[in-house]
$ cat start31.cif   # mmCIF, C-alpha atoms
data_coords
loop_
_atom_site.label_atom_id
_atom_site.label_comp_id
_atom_site.auth_asym_id
_atom_site.auth_seq_id
_atom_site.Cartn_x
_atom_site.Cartn_y
_atom_site.Cartn_z
CA MET Q 18 126.38 -44.01 -123.20
CA ARG Q 19 122.68 -44.55 -123.04
CA ARG Q 20 121.17 -45.32 -119.77
CA GLU Q 21 117.96 -47.29 -119.73
CA VAL Q 22 115.41 -46.24 -117.21
CA HIS Q 23 113.09 -49.00 -115.96
CA LEU Q 24 109.97 -47.65 -114.41
CA ASP Q 25 108.03 -49.96 -112.19
CA LEU Q 26 104.46 -49.39 -113.37
CA LYS Q 27 102.79 -51.82 -110.97
CA PRO Q 28 102.25 -49.39 -108.07
CA LEU Q 29 101.09 -46.77 -110.54
CA PHE Q 30 98.57 -49.17 -112.05
CA VAL Q 31 97.24 -50.23 -108.66
CA LEU Q 32 96.94 -46.62 -107.61
CA SER Q 33 95.11 -45.62 -110.75
CA MET Q 34 92.73 -48.58 -110.40
CA LEU Q 35 92.00 -47.58 -106.82
CA LEU Q 36 91.31 -44.04 -107.95
CA VAL Q 37 88.96 -45.25 -110.70
CA MET Q 38 87.11 -47.54 -108.29
CA ALA Q 39 86.87 -44.80 -105.69
CA SER Q 40 85.41 -42.42 -108.24
CA LEU Q 41 82.98 -45.04 -109.57
CA SER Q 42 81.90 -46.45 -106.23
CA PRO Q 43 79.17 -43.84 -105.56
CA VAL Q 44 77.73 -44.56 -109.00
CA LEU Q 45 77.84 -48.34 -108.43
CA VAL Q 46 76.41 -48.07 -104.94
CA SER Q 47 73.64 -45.76 -106.08
CA HIS Q 48 72.84 -48.15 -108.95
CA VAL Q 49 72.59 -51.12 -106.57
CA GLU Q 50 70.56 -49.05 -104.12
CA ALA Q 51 68.21 -47.94 -106.92
CA ASP Q 52 67.80 -51.57 -108.01
CA GLU Q 53 66.99 -52.65 -104.46
CA SER Q 54 64.60 -49.72 -104.10
CA ASN Q 55 62.84 -50.69 -107.35
CA GLN Q 56 62.58 -54.25 -106.15
CA SER Q 57 61.11 -53.28 -102.79
CA GLN Q 58 58.66 -50.93 -104.53
CA ALA Q 59 57.64 -53.74 -106.88
CA VAL Q 60 57.17 -56.16 -103.96
CA SER Q 61 55.03 -53.63 -102.12
CA ALA Q 62 52.96 -52.81 -105.24
CA LEU Q 63 52.41 -56.51 -105.96
CA ALA Q 64 51.25 -57.16 -102.38
CA ASP Q 65 48.88 -54.18 -102.56
CA ALA Q 66 47.53 -55.29 -105.94
CA GLU Q 67 46.95 -58.82 -104.61
CA ALA Q 68 45.12 -57.47 -101.56
CA ASN Q 69 42.99 -55.24 -103.83
CA VAL Q 70 42.10 -58.18 -106.07
CA VAL Q 71 41.03 -60.23 -103.04
CA SER Q 72 38.93 -57.33 -101.66
CA ALA Q 73 37.34 -56.86 -105.08
CA TYR Q 74 36.56 -60.58 -105.31
CA LYS Q 75 34.96 -60.58 -101.84
CA ALA Q 76 32.81 -57.59 -102.84
CA VAL Q 77 31.73 -59.37 -106.03
CA LEU Q 78 30.93 -62.51 -104.06
CA LYS Q 79 28.61 -60.54 -101.75
CA ALA Q 80 26.94 -58.81 -104.71
CA ASP Q 81 26.53 -62.17 -106.45
CA GLU Q 82 24.97 -63.73 -103.34
CA ALA Q 83 22.52 -60.80 -103.19
CA GLY Q 84 21.49 -61.65 -106.76
CA ALA Q 85 23.19 -58.77 -108.58
CA ASN Q 86 24.33 -59.08 -112.19
CA VAL Q 87 28.09 -59.16 -111.75
CA SER Q 88 29.13 -60.02 -115.32
CA GLY Q 89 30.51 -56.50 -116.00
CA LEU Q 90 32.44 -56.53 -112.74
CA LEU Q 91 33.90 -59.94 -113.55
CA VAL Q 92 35.25 -58.65 -116.89
CA ARG Q 93 37.12 -55.92 -115.02
CA LEU Q 94 38.26 -58.32 -112.34
CA ASN Q 95 39.64 -60.72 -114.95
CA GLU Q 96 41.48 -57.85 -116.64
CA ALA Q 97 43.01 -56.89 -113.29
CA GLY Q 98 43.90 -60.53 -112.65
CA GLY Q 99 45.63 -60.71 -116.04
CA LEU Q 100 47.70 -57.64 -115.22
CA LEU Q 101 48.65 -59.16 -111.86
CA THR Q 102 49.74 -62.38 -113.60
CA ARG Q 103 51.94 -60.38 -115.98
CA ALA Q 104 53.32 -58.31 -113.09
CA HIS Q 105 54.39 -61.48 -111.29
CA ALA Q 106 56.00 -62.80 -114.48
CA ALA Q 107 57.92 -59.54 -114.95
CA TYR Q 108 59.05 -59.67 -111.33
CA GLY Q 109 60.22 -63.26 -111.81
CA LEU Q 110 62.38 -62.09 -114.71
CA GLY Q 111 63.88 -59.32 -112.59
CA ASP Q 112 62.12 -56.55 -114.53
CA PHE Q 113 61.06 -54.67 -111.39
CA ASP Q 114 60.11 -51.45 -113.19
CA TYR Q 115 57.68 -53.25 -115.49
CA ALA Q 116 56.34 -55.33 -112.56
CA LEU Q 117 55.70 -52.09 -110.66
CA GLU Q 118 53.98 -50.51 -113.67
CA LEU Q 119 51.72 -53.54 -114.20
CA ALA Q 120 50.88 -53.83 -110.50
CA ASN Q 121 49.91 -50.13 -110.48
CA LEU Q 122 47.80 -50.65 -113.63
CA CYS Q 123 46.07 -53.54 -111.88
CA GLN Q 124 45.21 -51.28 -108.94
CA GLU Q 125 44.00 -48.55 -111.28
CA ARG Q 126 41.73 -51.05 -113.01
CA LEU Q 127 40.16 -51.79 -109.62
CA SER Q 128 39.74 -48.16 -108.63
CA GLY Q 129 36.21 -47.64 -107.28
CA PHE Q 130 35.45 -51.31 -107.84
CA VAL Q 131 34.33 -52.17 -104.29
CA ALA Q 132 32.02 -49.12 -104.12
CA GLU Q 133 30.46 -50.06 -107.47
CA SER Q 134 30.04 -53.65 -106.34
CA ASP Q 135 28.45 -52.55 -103.05
CA GLY Q 136 26.08 -50.29 -105.01
CA LEU Q 137 25.00 -53.20 -107.19
CA ARG Q 138 24.53 -55.31 -104.08
CA GLU Q 139 22.28 -52.68 -102.46
CA THR Q 140 20.20 -52.40 -105.64
CA ALA Q 141 19.92 -56.18 -105.82
CA ILE Q 142 18.76 -56.37 -102.19
CA GLN Q 143 16.08 -53.70 -102.83
CA ASP Q 144 14.99 -55.51 -106.02
CA HIS Q 145 14.83 -58.72 -104.03
CA TYR Q 146 12.53 -57.15 -101.39
CA ARG Q 147 10.32 -55.64 -104.10
CA ASP Q 148 10.20 -58.94 -105.90
CA PHE Q 149 9.37 -60.72 -102.63
CA PHE Q 150 6.44 -58.37 -101.87
CA VAL Q 151 5.04 -58.45 -105.40
CA ASN Q 152 5.51 -62.08 -106.22
CA VAL Q 153 5.37 -63.91 -102.90
CA VAL Q 154 3.25 -61.78 -100.58
CA GLY Q 155 1.13 -60.48 -103.47
CA SER Q 156 0.42 -63.89 -104.93
CA VAL Q 157 -0.33 -65.48 -101.52
CA LEU Q 158 -2.75 -62.65 -100.70
CA GLY Q 159 -4.24 -63.03 -104.20
CA ALA Q 160 -4.77 -66.75 -103.67
CA VAL Q 161 -6.42 -66.10 -100.29
CA GLY Q 162 -8.59 -63.49 -102.02
CA VAL Q 163 -9.62 -65.99 -104.70
CA VAL Q 164 -10.62 -68.56 -102.03
CA CYS Q 165 -12.51 -65.94 -99.99
CA GLY Q 166 -14.15 -64.63 -103.15
CA GLY Q 167 -15.12 -68.14 -104.11
CA LEU Q 168 -16.70 -68.75 -100.68
CA PHE Q 169 -18.53 -65.44 -100.90
CA VAL Q 170 -19.90 -66.25 -104.35
CA TRP Q 171 -20.79 -69.75 -103.23
CA PHE Q 172 -22.78 -68.53 -100.22
CA ARG Q 173 -24.50 -65.85 -102.35
CA LEU Q 174 -25.49 -68.42 -104.93
CA ASP Q 175 -26.48 -70.85 -102.20
CA ARG Q 176 -28.74 -68.24 -100.64
CA ARG Q 177 -30.28 -67.48 -104.01
CA TYR Q 178 -30.62 -70.90 -105.56
CA GLY Q 179 -29.92 -73.38 -102.77
CA LYS Q 180 -33.30 -73.15 -101.09
CA SER Q 181 -35.25 -73.18 -104.32
CA GLY Q 182 -33.34 -76.32 -105.36
CA SER Q 183 -33.04 -75.21 -108.95
CA MET Z 1 -31.21 -80.20 -110.89
CA ASN Z 2 -29.91 -79.33 -107.40
CA PHE Z 3 -27.49 -76.39 -107.09
CA HIS Z 4 -25.38 -78.35 -104.57
CA GLU Z 5 -24.48 -80.91 -107.25
CA TYR Z 6 -22.10 -78.30 -108.68
CA ARG Z 7 -20.18 -77.97 -105.41
CA ALA Z 8 -17.25 -80.18 -106.51
CA LEU Z 9 -16.93 -78.33 -109.82
CA PHE Z 10 -17.03 -74.99 -108.04
CA VAL Z 11 -14.37 -76.04 -105.50
CA ALA Z 12 -12.14 -77.34 -108.33
CA ILE Z 13 -12.44 -74.08 -110.31
CA VAL Z 14 -11.70 -71.94 -107.22
CA GLY Z 15 -8.79 -74.25 -106.24
CA ILE Z 16 -7.23 -74.06 -109.73
CA LEU Z 17 -7.62 -70.29 -109.80
CA ALA Z 18 -6.05 -69.99 -106.32
CA LEU Z 19 -3.10 -72.18 -107.40
CA LEU Z 20 -2.60 -70.10 -110.54
CA VAL Z 21 -2.58 -66.88 -108.54
CA ALA Z 22 -0.23 -68.41 -105.94
CA SER Z 23 2.15 -69.88 -108.55
CA PRO Z 24 4.83 -67.12 -108.23
CA ALA Z 25 5.09 -67.85 -104.51
CA LEU Z 26 4.99 -71.62 -105.05
CA SER Z 27 7.74 -71.44 -107.67
CA ARG Z 28 10.04 -69.99 -105.00
CA LEU Z 29 9.08 -72.50 -102.34
CA LEU Z 30 9.23 -75.60 -104.53
CA VAL Z 31 12.79 -75.15 -105.81
CA PHE Z 32 14.86 -78.28 -105.37
CA PRO Z 33 18.21 -77.46 -103.78
CA LYS Z 34 21.33 -77.97 -105.88
CA THR Z 35 23.28 -80.89 -104.48
CA GLU Z 36 26.28 -81.28 -106.79
CA PHE Z 37 28.95 -78.61 -106.62
CA PHE Z 38 31.99 -79.04 -108.81
CA THR Z 39 34.41 -77.42 -111.22
CA GLU Z 40 35.32 -78.63 -114.69
CA PHE Z 41 38.89 -78.14 -115.85
CA TRP Z 42 40.02 -79.03 -119.35
CA ILE Z 43 42.66 -78.58 -122.00
CA LEU Z 44 41.87 -78.60 -125.74
CA ASP Z 45 43.99 -78.47 -128.86
CA SER Z 46 44.23 -75.44 -131.16
CA ASN Z 47 41.02 -76.54 -132.95
CA HIS Z 48 39.05 -76.72 -129.70
CA LYS Z 49 39.11 -80.50 -129.84
CA ALA Z 50 40.60 -83.19 -127.63
CA GLU Z 51 42.42 -84.77 -130.56
CA ASN Z 52 45.59 -83.24 -131.92
CA TYR Z 53 47.57 -82.20 -128.90
CA PRO Z 54 51.18 -81.29 -129.62
CA PHE Z 55 53.62 -84.06 -128.70
CA ASN Z 56 56.82 -83.86 -130.75
CA VAL Z 57 58.17 -80.47 -129.83
CA THR Z 58 60.84 -78.59 -131.78
CA ARG Z 59 63.08 -76.02 -130.14
CA THR Z 60 61.54 -72.48 -130.14
CA ALA Z 61 58.53 -73.58 -132.25
CA SER Z 62 55.19 -72.28 -130.95
CA TYR Z 63 52.23 -74.48 -130.02
CA SER Z 64 48.71 -73.49 -129.00
CA VAL Z 65 46.17 -75.03 -126.66
CA PHE Z 66 43.12 -73.80 -124.76
CA LEU Z 67 42.65 -74.05 -121.02
CA GLY Z 68 39.07 -74.06 -119.79
CA ILE Z 69 37.21 -73.86 -116.49
CA GLY Z 70 33.50 -74.53 -115.92
CA ASN Z 71 32.13 -73.28 -112.61
CA HIS Z 72 29.27 -75.25 -111.03
CA LEU Z 73 29.94 -74.27 -107.42
CA GLY Z 74 26.82 -72.17 -106.92
CA HIS Z 75 28.77 -68.93 -106.55
CA THR Z 76 31.36 -66.81 -108.33
CA ALA Z 77 34.79 -68.38 -107.85
CA TYR Z 78 38.34 -67.06 -107.83
CA TYR Z 79 40.67 -69.61 -109.39
CA VAL Z 80 44.40 -69.66 -109.90
CA VAL Z 81 45.97 -71.98 -112.44
CA GLU Z 82 49.52 -72.89 -111.44
CA VAL Z 83 51.68 -73.73 -114.43
CA LYS Z 84 54.35 -76.33 -113.68
CA LEU Z 85 56.98 -78.30 -115.53
CA ARG Z 86 58.34 -81.74 -114.61
CA ASN Z 87 60.25 -84.68 -115.95
CA GLN Z 88 59.27 -88.30 -115.29
CA THR Z 89 61.05 -88.52 -111.95
CA GLN Z 90 59.67 -85.34 -110.40
CA SER Z 91 56.61 -84.80 -108.22
CA ALA Z 92 53.21 -84.96 -109.95
CA PRO Z 93 49.73 -84.12 -108.69
CA ASN Z 94 48.08 -87.20 -107.20
CA SER Z 95 44.39 -87.74 -107.95
CA PHE Z 96 44.09 -90.56 -105.37
CA ASN Z 97 45.64 -88.67 -102.47
CA ARG Z 98 44.16 -85.43 -103.82
CA THR Z 99 47.46 -83.63 -103.45
CA SER Z 100 49.21 -81.14 -105.68
CA SER Z 101 52.75 -81.42 -107.02
CA SER Z 102 55.42 -80.14 -104.65
CA LEU Z 103 57.16 -78.37 -107.55
CA PRO Z 104 57.08 -74.57 -107.59
CA SER Z 105 54.73 -72.78 -109.95
CA LEU Z 106 56.38 -71.11 -112.94
CA ILE Z 107 53.53 -68.67 -113.41
CA ASN Z 108 50.05 -68.23 -111.98
CA ILE Z 109 47.05 -67.47 -114.17
CA THR Z 110 44.06 -65.92 -112.40
CA ALA Z 111 40.44 -66.51 -113.41
CA PHE Z 112 37.18 -65.21 -111.97
CA VAL Z 113 34.25 -67.30 -113.15
CA ALA Z 114 30.56 -66.76 -112.39
CA ASP Z 115 28.35 -69.67 -111.40
CA GLU Z 116 27.30 -71.84 -114.38
CA GLU Z 117 29.72 -69.94 -116.62
CA THR Z 118 32.87 -71.06 -118.40
CA TRP Z 119 36.24 -69.38 -118.82
CA GLU Z 120 38.69 -70.08 -121.59
CA TYR Z 121 42.32 -69.06 -121.89
CA PRO Z 122 44.28 -69.37 -125.14
CA LEU Z 123 47.81 -70.47 -124.36
CA THR Z 124 50.70 -70.30 -126.82
CA PHE Z 125 53.98 -71.73 -125.65
CA SER Z 126 57.45 -72.59 -126.88
CA PHE Z 127 60.50 -74.18 -125.31
CA ASP Z 128 64.10 -73.18 -125.71
CA TYR Z 129 66.50 -76.00 -124.92
CA VAL Z 130 69.75 -77.64 -125.95
CA TYR Z 131 70.72 -81.27 -126.31
CA ASN Z 132 73.71 -82.16 -124.14
CA GLU Z 133 75.21 -85.03 -126.09
CA ALA Z 134 77.83 -85.87 -123.47
CA LEU Z 135 75.22 -86.38 -120.75
CA SER Z 136 72.54 -87.57 -123.19
CA ARG Z 137 69.95 -85.19 -121.86
CA VAL Z 138 67.93 -82.16 -122.85
CA GLU Z 139 68.63 -78.99 -120.88
CA PHE Z 140 66.02 -76.25 -120.87
CA SER Z 141 66.78 -72.55 -120.81
CA SER Z 142 63.43 -70.81 -121.19
CA LEU Z 143 59.72 -71.40 -121.60
CA LYS Z 144 57.63 -68.78 -123.33
CA LEU Z 145 53.98 -68.69 -122.29
CA ASN Z 146 52.00 -66.17 -124.32
CA ASP Z 147 53.93 -62.91 -123.72
CA ALA Z 148 55.79 -64.08 -120.64
CA SER Z 149 59.27 -65.52 -120.90
CA ILE Z 150 60.12 -67.78 -117.96
CA ASP Z 151 63.61 -68.82 -116.98
CA VAL Z 152 63.69 -72.62 -116.64
CA THR Z 153 67.44 -73.06 -116.42
CA GLY Z 154 68.24 -76.22 -114.50
CA PHE Z 155 65.29 -78.20 -115.86
CA THR Z 156 66.59 -81.33 -117.57
CA THR Z 157 65.27 -84.62 -118.87
CA GLY Z 158 67.09 -87.79 -119.80
CA TRP Z 159 66.49 -90.27 -122.58
CA ASP Z 160 63.43 -92.46 -122.07
CA SER Z 161 64.08 -95.79 -123.75
CA ARG Z 162 60.45 -96.97 -123.51
CA SER Z 163 59.09 -93.96 -125.35
CA SER Z 164 62.27 -93.38 -127.35
CA GLY Z 165 62.33 -89.70 -126.55
CA PHE Z 166 63.15 -86.92 -124.14
CA LEU Z 167 59.83 -86.54 -122.35
CA TYR Z 168 58.67 -83.54 -120.41
CA ASN Z 169 55.35 -82.73 -118.80
CA LEU Z 170 53.76 -79.28 -118.83
CA PHE Z 171 50.87 -79.40 -116.41
CA PHE Z 172 48.33 -77.08 -114.87
CA GLU Z 173 46.94 -77.29 -111.35
CA LEU Z 174 43.71 -75.60 -110.35
CA TRP Z 175 43.64 -73.75 -107.04
CA ILE Z 176 40.67 -71.94 -105.56
CA TYR Z 177 40.41 -69.01 -103.17
CA ASP Z 178 38.63 -69.93 -99.96
CA ALA Z 179 36.97 -66.77 -98.58
CA ALA Z 180 36.47 -68.45 -95.18
CA THR Z 181 40.19 -69.02 -94.63
CA SER Z 182 41.37 -66.14 -96.88
CA SER Z 183 43.79 -68.47 -98.65
CA PHE Z 184 44.11 -70.62 -101.72
CA ARG Z 185 43.70 -74.38 -101.56
CA TYR Z 186 44.32 -77.05 -104.15
CA HIS Z 187 41.04 -77.74 -105.95
CA GLU Z 188 42.01 -81.32 -106.82
CA ARG Z 189 41.96 -80.70 -110.55
CA SER Z 190 44.92 -80.88 -112.90
CA VAL Z 191 45.50 -81.29 -116.61
CA GLY Z 192 48.72 -81.61 -118.55
CA LEU Z 193 50.51 -82.56 -121.71
CA TRP Z 194 53.57 -84.75 -122.26
CA PHE Z 195 56.02 -83.59 -124.89
CA ASN Z 196 58.88 -85.27 -126.67
CA MET Z 197 61.71 -82.77 -127.04
CA THR Z 198 63.14 -83.48 -130.47
CA THR Z 199 66.87 -82.94 -130.83
CA SER Z 200 67.51 -83.23 -134.56
#
$ encode --input "start31.cif" --output "structure tokens"
Amino acid sequence: MRREVHLDLKPLFVLSMLLVMASLSPVLVSHVEADESNQSQAVSALADAEANVVSAYKAVLKADEAGANVSGLLVRLNEAGGLLTRAHAAYGLGDFDYALELANLCQERLSGFVAESDGLRETAIQDHYRDFFVNVVGSVLGAVGVVCGGLFVWFRLDRRYGKSGS
Amino acid sequence: MNFHEYRALFVAIVGILALLVASPALSRLLVFPKTEFFTEFWILDSNHKAENYPFNVTRTASYSVFLGIGNHLGHTAYYVVEVKLRNQTQSAPNSFNRTSSSLPSLINITAFVADEETWEYPLTFSFDYVYNEALSRVEFSSLKLNDASIDVTGFTTGWDSRSSGFLYNLFFELWIYDAATSSFRYHERSVGLWFNMTTS
């Protein structure tokens, strides 16, 4: 006589599932933690890149006000701005790694930017002073010289020909 | 002939010479101050004309326009163009109240423009959407702007009987960085295009 053995697999299944989950949980947790870490790194890099762009713009503004030629700086600044735009777009799509990479590229593009801008500003200020002395002070003194010279010539001629009346 | 009869001629010659020599200084003193400070903001079609703007839009087809900024503010400016999407019932920028739309920006485009210079940005875009026949509306899933793909799930538009179409407005607001307050403010300029989302 055959005897059928009915095994209740439910507790076995639950137990195996628990074991699988327990073994996978460190992997899952580390994955979530890595994702959160990437996100926080991207947020920090984006904030830094934004602050750098603003600092760079303020430096350009000062150089521009001093009369420097800032066209080359603006090309770089626009490139950095484009990278920042793309970094924000990547962040919006949840691609934190790419957002981080683009934000870092943006900062790299602006490396040494403020110093260069300040240098151009200093040169522009010196050029402005030189220009002021040559063109403004020089020309005013020249005009005074012409008037004084004219008076001198007039009195010389007057002394020579004025009395004779011819 | 008396020598003193030439006095007027002599004074005139010396005066003209003095003015010529002083002209570099005078050119700096007699500069009229600029009184009008403004920014131009425009959108042109793919042929750089204000004629053939795209209107009837097909799903995933690409369309091109050009955005432009002309800076006449007297200094280098830092602009941000906020790209927004709205249907006919949603908030729009108001040129009378000089306010921007309350809708969030989908993407920000930065532009640094020198005084008396222009900036141009080629923009290629496409919409991905489906027609929900049961609700008689178009439901968007994504908007592609140049290389960037933007998730616009939740954006919908219903049938407009007056225009006989599913209308949607892609518009651009111009914001400017204010160095005094270290923040952006709405620059009271916006441009946009209305599209009919075709469903067949």
$ residues_around --input "start31.cif" --residues "region 106-116 of chain Z" --least-positions-apart "2" --cutoff "9 Å" --atoms "all atoms listed in the file" --output "ChimeraX atom specification"
/Q:74,81,87-88,91-92,94-95,98-99,101-103,105-106,109 /Z:69-85,104,118-119,145,148,150-152
$ residues_around --input "start31.cif" --residues "Pro54 (chain Z)" --least-positions-apart "5" --cutoff "12 Å" --atoms "all atoms listed in the file" --output "list in words"
Ile43, Leu44, Asp45, Ser46, Asn47, Ala61, Ser62, Tyr63, Ser64, Val65, Thr124, Phe125, Ser126, Asn169, Leu170, Gly192, Leu193, Trp194, Phe195, Asn196 and Met197 of chain Z
$ resolve_selection --input "start31.cif" --expression "the PyMOL selection byres ((chain Q and resi 156-170) around 10)" --output "VMD selection string"
(chain Q and resid 149 to 155 171 to 176) or (chain Z and resid 10 to 11 13 to 26)
$ residues_around --input "start31.cif" --residues "Ser128 (chain Q)" --least-positions-apart "2" --cutoff "12 Å" --atoms "only C-alpha atoms" --output "list in words"
Ala66, Asn69, Val70, Ser72, Ala73, Leu90, Arg93, Leu94, Ala97, Asn121, Leu122, Cys123, Gln124, Glu125, Arg126, Phe130, Val131, Ala132, Glu133 and Ser134 of chain Q
$ write_last_selection --input "start31.cif" --atoms "C-alpha atoms" --output "PDB file, in the frame of the given file"
ATOM      1  CA  ALA Q  66      47.530 -55.290-105.940  1.00  0.00           C
ATOM      2  CA  ASN Q  69      42.990 -55.240-103.830  1.00  0.00           C
ATOM      3  CA  VAL Q  70      42.100 -58.180-106.070  1.00  0.00           C
ATOM      4  CA  SER Q  72      38.930 -57.330-101.660  1.00  0.00           C
ATOM      5  CA  ALA Q  73      37.340 -56.860-105.080  1.00  0.00           C
ATOM      6  CA  LEU Q  90      32.440 -56.530-112.740  1.00  0.00           C
ATOM      7  CA  ARG Q  93      37.120 -55.920-115.020  1.00  0.00           C
ATOM      8  CA  LEU Q  94      38.260 -58.320-112.340  1.00  0.00           C
ATOM      9  CA  ALA Q  97      43.010 -56.890-113.290  1.00  0.00           C
ATOM     10  CA  ASN Q 121      49.910 -50.130-110.480  1.00  0.00           C
ATOM     11  CA  LEU Q 122      47.800 -50.650-113.630  1.00  0.00           C
ATOM     12  CA  CYS Q 123      46.070 -53.540-111.880  1.00  0.00           C
ATOM     13  CA  GLN Q 124      45.210 -51.280-108.940  1.00  0.00           C
ATOM     14  CA  GLU Q 125      44.000 -48.550-111.280  1.00  0.00           C
ATOM     15  CA  ARG Q 126      41.730 -51.050-113.010  1.00  0.00           C
ATOM     16  CA  PHE Q 130      35.450 -51.310-107.840  1.00  0.00           C
ATOM     17  CA  VAL Q 131      34.330 -52.170-104.290  1.00  0.00           C
ATOM     18  CA  ALA Q 132      32.020 -49.120-104.120  1.00  0.00           C
ATOM     19  CA  GLU Q 133      30.460 -50.060-107.470  1.00  0.00           C
ATOM     20  CA  SER Q 134      30.040 -53.650-106.340  1.00  0.00           C
TER      21      SER Q 134
END
$ atom_distance --input "start31.cif" --atom1 "CA of Gln90 (chain Z)" --atom2 "CA of Asp128 (chain Z)"
20.0 Å
$ atom_distance --input "start31.cif" --atom1 "CA of Gln88 (chain Z)" --atom2 "CA of Leu167 (chain Z)"
7.3 Å
$ resolve_selection --input "start31.cif" --expression "the PyMOL selection byres ((chain Z and resi 191) around 8)" --output "list in words"
Phe41, Trp42, Ile43, Phe171, Phe172, Glu173, Arg189, Ser190, Gly192 and Leu193 of chain Z
$ closest_residue --input "start31.cif" --among "Z:Phe3, Z:Phe38, Z:Phe66, Z:Tyr129" --to "chain Q" --atoms "all atoms listed in the file"
Z:Phe3
$ closest_residue --input "start31.cif" --among "Z:Lys144, Z:Arg162, Z:His48, Z:Arg98" --to "chain Q" --atoms "all atoms listed in the file"
Z:Lys144
$ atom_distance --input "start31.cif" --atom1 "CA of Ala12 (chain Z)" --atom2 "CA of Leu29 (chain Z)"
22.6 Å
$ residues_around --input "start31.cif" --residues "Leu117 (chain Q)" --least-positions-apart "4" --cutoff "10 Å" --atoms "all atoms listed in the file" --output "VMD selection string"
chain Q and resid 55 to 63 66 104 to 105 107 to 108 112 to 113 121 to 123
$ closest_residue --input "start31.cif" --among "Z:Leu67, Z:Leu135, Z:Ala179, Z:Leu9" --to "chain Q" --atoms "all atoms listed in the file"
Z:Ala179
$ closest_residue --input "start31.cif" --among "Z:Asn87, Z:Thr156, Z:Ser200, Z:Ser149" --to "chain Q" --atoms "only C-alpha atoms"
Z:Ser149
